[in-house]
file final-v3.cif (mmCIF, C-alpha atoms)
data_coords
#
loop_
_atom_site.label_atom_id
_atom_site.label_comp_id
_atom_site.auth_asym_id
_atom_site.auth_seq_id
_atom_site.Cartn_x
_atom_site.Cartn_y
_atom_site.Cartn_z
CA MET G 1 -56.44 -22.97 -16.88
CA ALA G 2 -55.25 -19.37 -16.79
CA ARG G 3 -57.58 -16.40 -16.87
CA ILE G 4 -57.00 -14.02 -19.76
CA PRO G 5 -56.44 -10.49 -18.43
CA THR G 6 -58.72 -7.73 -19.65
CA ILE G 7 -57.45 -4.97 -21.90
CA ALA G 8 -57.56 -2.56 -18.94
CA GLU G 9 -55.49 -4.93 -16.77
CA GLU G 10 -52.93 -5.36 -19.54
CA ASP G 11 -52.83 -1.60 -20.11
CA ALA G 12 -52.22 -1.01 -16.40
CA LYS G 13 -49.05 -3.14 -16.67
CA ARG G 14 -47.65 -1.10 -19.58
CA PRO G 15 -45.90 1.59 -17.49
CA ASN G 16 -44.08 -1.08 -15.45
CA ARG G 17 -42.97 -2.88 -18.57
CA GLU G 18 -41.91 0.30 -20.33
CA ARG G 19 -39.95 1.48 -17.28
CA GLU G 20 -38.27 -1.93 -17.06
CA CYS G 21 -37.15 -1.66 -20.71
CA LEU G 22 -35.90 1.89 -20.18
CA VAL G 23 -33.92 0.88 -17.09
CA ARG G 24 -32.26 -1.91 -19.12
CA GLU G 25 -31.51 0.64 -21.87
CA ARG G 26 -30.00 3.04 -19.29
CA THR G 27 -27.77 0.25 -17.98
CA ARG G 28 -26.73 -0.69 -21.52
CA ILE G 29 -25.76 2.91 -22.34
CA VAL G 30 -23.83 3.38 -19.09
CA ASN G 31 -21.95 0.11 -19.66
CA ARG G 32 -21.18 1.13 -23.24
CA ILE G 33 -19.75 4.48 -22.10
CA LYS G 34 -17.69 2.87 -19.35
CA GLY G 35 -16.43 0.20 -21.74
CA THR G 36 -15.37 2.77 -24.33
CA LEU G 37 -13.47 4.74 -21.69
CA ALA G 38 -11.94 1.61 -20.15
CA ARG G 39 -10.38 0.75 -23.53
CA LEU G 40 -8.62 4.11 -23.29
CA GLY G 41 -7.51 3.45 -19.69
CA ILE G 42 -10.05 5.77 -18.02
CA ARG G 43 -11.91 4.07 -15.19
CA ASP G 44 -13.08 6.83 -12.85
CA PHE G 45 -15.77 8.44 -15.04
CA ARG G 46 -19.39 8.29 -13.83
CA PRO G 47 -21.81 8.88 -16.73
CA THR G 48 -24.86 9.14 -14.47
CA LEU G 49 -23.74 12.39 -12.84
CA ARG G 50 -25.38 15.63 -14.00
CA LYS G 51 -22.15 17.30 -15.10
CA SER G 52 -20.72 14.25 -16.84
CA ALA G 53 -20.95 15.87 -20.30
CA GLU G 54 -18.85 18.84 -19.13
CA ARG G 55 -16.38 16.54 -17.40
CA LEU G 56 -16.02 14.50 -20.59
CA ALA G 57 -14.29 17.45 -22.28
CA THR G 58 -11.60 17.49 -19.57
CA LEU G 59 -10.80 13.77 -19.62
CA HIS G 60 -7.30 12.63 -20.51
CA THR G 61 -5.91 9.20 -21.15
CA PRO G 62 -3.27 7.88 -18.72
CA GLU G 63 -0.66 9.02 -21.25
CA GLY G 64 -1.96 12.57 -20.92
CA SER G 65 -3.59 13.00 -24.33
CA LEU G 66 -7.16 14.16 -24.91
CA LEU G 67 -9.83 11.75 -26.06
CA PRO G 68 -9.75 11.06 -29.80
CA PRO G 69 -12.31 13.24 -31.63
CA ASN G 70 -14.49 10.37 -32.87
CA VAL G 71 -14.58 8.76 -29.43
CA SER G 72 -15.47 12.09 -27.86
CA ALA G 73 -18.30 12.65 -30.36
CA GLU G 74 -19.63 9.13 -29.78
CA LEU G 75 -19.55 9.59 -26.01
CA HIS G 76 -21.38 12.91 -26.25
CA ARG G 77 -24.10 11.22 -28.32
CA ASP G 78 -24.30 8.39 -25.78
CA LEU G 79 -24.61 10.88 -22.92
CA ALA G 80 -27.40 12.70 -24.78
CA ARG G 81 -29.18 9.37 -25.31
CA LEU G 82 -28.69 8.54 -21.63
CA GLY G 83 -30.20 11.87 -20.62
CA PHE G 84 -33.23 11.22 -22.81
CA VAL G 85 -33.77 7.73 -21.38
CA VAL G 86 -33.44 9.02 -17.81
CA SER G 87 -36.00 11.76 -18.53
CA GLN G 88 -38.43 9.15 -19.89
CA ILE G 89 -38.01 7.04 -16.75
CA LYS G 90 -38.73 10.09 -14.59
CA GLU G 91 -41.78 10.91 -16.73
CA ILE G 92 -43.24 7.42 -16.17
CA GLU G 93 -42.56 7.62 -12.43
CA LYS G 94 -44.12 11.08 -12.21
CA ALA G 95 -47.25 9.90 -14.08
CA ARG G 96 -47.58 6.92 -11.74
CA GLN G 97 -47.23 9.14 -8.68
CA LYS G 98 -49.83 11.58 -10.07
CA GLN G 99 -52.23 8.71 -10.75
CA LEU G 100 -51.81 7.42 -7.19
CA GLU G 101 -52.45 10.88 -5.76
CA GLN G 102 -55.59 11.41 -7.87
CA HIS G 103 -57.23 8.14 -6.85
CA PRO G 104 -55.47 7.11 -3.63
CA GLU G 105 -58.14 4.77 -2.27
CA THR G 106 -59.61 3.18 -5.40
CA GLY G 107 -58.84 -0.22 -6.85
CA PRO G 108 -55.24 -1.37 -6.69
CA HIS G 109 -53.99 2.11 -5.77
CA ALA G 110 -54.84 1.56 -2.10
CA MET G 111 -52.78 -1.65 -2.04
CA VAL G 112 -49.87 0.07 -3.82
CA ARG G 113 -49.85 2.90 -1.28
CA LEU G 114 -50.04 0.41 1.61
CA LEU G 115 -47.13 -1.67 0.28
CA ALA G 116 -45.07 1.46 -0.47
CA ARG G 117 -45.13 2.28 3.26
CA VAL G 118 -43.02 -0.81 3.97
CA VAL G 119 -39.38 0.15 4.36
CA GLY G 120 -37.42 -0.85 1.27
CA VAL G 121 -40.44 -1.22 -1.02
CA GLY G 122 -40.81 1.64 -3.48
CA ILE G 123 -43.76 2.64 -5.62
CA GLU G 124 -42.39 0.71 -8.61
CA THR G 125 -42.06 -2.58 -6.70
CA ALA G 126 -45.39 -2.10 -4.92
CA ASP G 127 -47.18 -1.43 -8.20
CA MET G 128 -45.57 -4.47 -9.81
CA LEU G 129 -46.55 -6.70 -6.85
CA VAL G 130 -50.14 -5.46 -6.84
CA ARG G 131 -50.59 -5.78 -10.60
CA GLY G 132 -49.18 -9.32 -10.50
CA ALA G 133 -51.34 -10.29 -7.53
CA VAL G 134 -54.50 -8.88 -9.12
CA ALA G 135 -53.81 -10.78 -12.34
CA ALA G 136 -53.12 -14.03 -10.44
CA THR G 137 -56.21 -13.84 -8.22
CA GLY G 138 -58.61 -12.23 -10.69
#

call {"tool": "encode", "arguments": {"input": "final-v3.cif", "output": "structure tokens"}}
result
Amino acid sequence: MARIPTIAEEDAKRPNRERECLVRERTRIVNRIKGTLARLGIRDFRPTLRKSAERLATLHTPEGSLLPPNVSAELHRDLARLGFVVSQIKEIEKARQKQLEQHPETGPHAMVRLLARVVGVGIETADMLVRGAVAATG
């Protein structure tokens, strides 16, 4: 029989779940941009770079023509959407870091900080491991 998590335990998992959804959305947008450009023969564009919107205006197809106006407008909208999603991911990560700094030794925060010291384990993974372990043992 499984124990039903409390509302507080479920709420503590929300940032991880939201971040996971946003990361999938970021990947979807990047793949969409790359796919649109690949259909035009452009394969060396990196949408995740800061100056990608400015570089988009200078792109040319292999034939030497500029991007079609509707494609260019669509890509600019996709880049704006990508920027918004990335800012939301950073906001979640910043809130998590602030929460860990405010209560570093209470509850699961101490375990998260301990796990995050392991090389290759970031705050996100440590938090996910701790929240899963607390739910499984609780």

call {"tool": "atom_distance", "arguments": {"input": "final-v3.cif", "atom1": "CA of Asp127 (chain G)", "atom2": "CA of Thr48 (chain G)"}}
result
25.5 Å

call {"tool": "residues_near_point", "arguments": {"input": "final-v3.cif", "point": "(-14.1, 14.5, -17.6)", "cutoff": "12 Å", "atoms": "all atoms listed in the file", "output": "PDB file with C-alpha atoms, keeping the file's coordinate frame"}}
result
ATOM      1  CA  LEU G  37     -13.470   4.740 -21.690  1.00  0.00           C
ATOM      2  CA  ILE G  42     -10.050   5.770 -18.020  1.00  0.00           C
ATOM      3  CA  ARG G  43     -11.910   4.070 -15.190  1.00  0.00           C
ATOM      4  CA  ASP G  44     -13.080   6.830 -12.850  1.00  0.00           C
ATOM      5  CA  PHE G  45     -15.770   8.440 -15.040  1.00  0.00           C
ATOM      6  CA  ARG G  46     -19.390   8.290 -13.830  1.00  0.00           C
ATOM      7  CA  PRO G  47     -21.810   8.880 -16.730  1.00  0.00           C
ATOM      8  CA  LEU G  49     -23.740  12.390 -12.840  1.00  0.00           C
ATOM      9  CA  ARG G  50     -25.380  15.630 -14.000  1.00  0.00           C
ATOM     10  CA  LYS G  51     -22.150  17.300 -15.100  1.00  0.00           C
ATOM     11  CA  SER G  52     -20.720  14.250 -16.840  1.00  0.00           C
ATOM     12  CA  ALA G  53     -20.950  15.870 -20.300  1.00  0.00           C
ATOM     13  CA  GLU G  54     -18.850  18.840 -19.130  1.00  0.00           C
ATOM     14  CA  ARG G  55     -16.380  16.540 -17.400  1.00  0.00           C
ATOM     15  CA  LEU G  56     -16.020  14.500 -20.590  1.00  0.00           C
ATOM     16  CA  ALA G  57     -14.290  17.450 -22.280  1.00  0.00           C
ATOM     17  CA  THR G  58     -11.600  17.490 -19.570  1.00  0.00           C
ATOM     18  CA  LEU G  59     -10.800  13.770 -19.620  1.00  0.00           C
ATOM     19  CA  HIS G  60      -7.300  12.630 -20.510  1.00  0.00           C
ATOM     20  CA  THR G  61      -5.910   9.200 -21.150  1.00  0.00           C
ATOM     21  CA  LEU G  66      -7.160  14.160 -24.910  1.00  0.00           C
ATOM     22  CA  LEU G  67      -9.830  11.750 -26.060  1.00  0.00           C
ATOM     23  CA  SER G  72     -15.470  12.090 -27.860  1.00  0.00           C
ATOM     24  CA  LEU G  75     -19.550   9.590 -26.010  1.00  0.00           C
ATOM     25  CA  HIS G  76     -21.380  12.910 -26.250  1.00  0.00           C
TER      26      HIS G  76
END

call {"tool": "residues_around", "arguments": {"input": "final-v3.cif", "residues": "Val30 (chain G)", "least_positions_apart": "5", "cutoff": "10 Å", "atoms": "only C-alpha atoms", "output": "number ranges by chain"}}
result
G: 24-25, 35-36, 46-48, 78-79, 82

call {"tool": "write_last_selection", "arguments": {"input": "final-v3.cif", "atoms": "C-alpha atoms", "output": "tab-separated table (two decimals), in the frame of the given file"}}
result
chain	number	residue	atom	x	y	z
G	24	ARG	CA	-32.26	-1.91	-19.12
G	25	GLU	CA	-31.51	0.64	-21.87
G	35	GLY	CA	-16.43	0.20	-21.74
G	36	THR	CA	-15.37	2.77	-24.33
G	46	ARG	CA	-19.39	8.29	-13.83
G	47	PRO	CA	-21.81	8.88	-16.73
G	48	THR	CA	-24.86	9.14	-14.47
G	78	ASP	CA	-24.30	8.39	-25.78
G	79	LEU	CA	-24.61	10.88	-22.92
G	82	LEU	CA	-28.69	8.54	-21.63

call {"tool": "atom_distance", "arguments": {"input": "final-v3.cif", "atom1": "CA of Ile89 (chain G)", "atom2": "CA of Arg19 (chain G)"}}
result
5.9 Å

call {"tool": "resolve_selection", "arguments": {"input": "final-v3.cif", "expression": "the PyMOL selection byres ((chain G and resi 15) around 10)", "output": "JSON, numbers by chain"}}
result
{"G": [11, 12, 13, 14, 16, 17, 18, 19, 20, 21, 89, 92, 93, 95, 96, 124, 127, 128]}

call {"tool": "atom_distance", "arguments": {"input": "final-v3.cif", "atom1": "CA of Glu74 (chain G)", "atom2": "CA of Gln88 (chain G)"}}
result
21.2 Å

call {"tool": "closest_residue", "arguments": {"input": "final-v3.cif", "among": "G:Val85, G:Arg77, G:Glu9, G:Ala38", "to": "Pro62 (chain G)", "atoms": "only C-alpha atoms"}}
result
G:Ala38

call {"tool": "closest_residue", "arguments": {"input": "final-v3.cif", "among": "G:Thr6, G:Gln97, G:Ser65, G:Gln102", "to": "Gly122 (chain G)", "atoms": "only C-alpha atoms"}}
result
G:Gln97

call {"tool": "closest_residue", "arguments": {"input": "final-v3.cif", "among": "G:Leu22, G:Gly83, G:Gly41, G:Ile4", "to": "Glu63 (chain G)", "atoms": "all atoms listed in the file"}}
result
G:Gly41

call {"tool": "closest_residue", "arguments": {"input": "final-v3.cif", "among": "G:Val23, G:Arg3, G:Ala126, G:Val71", "to": "Lys90 (chain G)", "atoms": "only C-alpha atoms"}}
result
G:Val23

call {"tool": "axis_aligned_box", "arguments": {"input": "final-v3.cif", "around": "region 14-25 of chain G", "padding_each_side": "5 Å", "output": "lines of an AutoDock Vina configuration file"}}
result
center_x = -39.6
center_y = -0.5
center_z = -18.7
size_x = 26.1
size_y = 14.8
size_z = 16.4
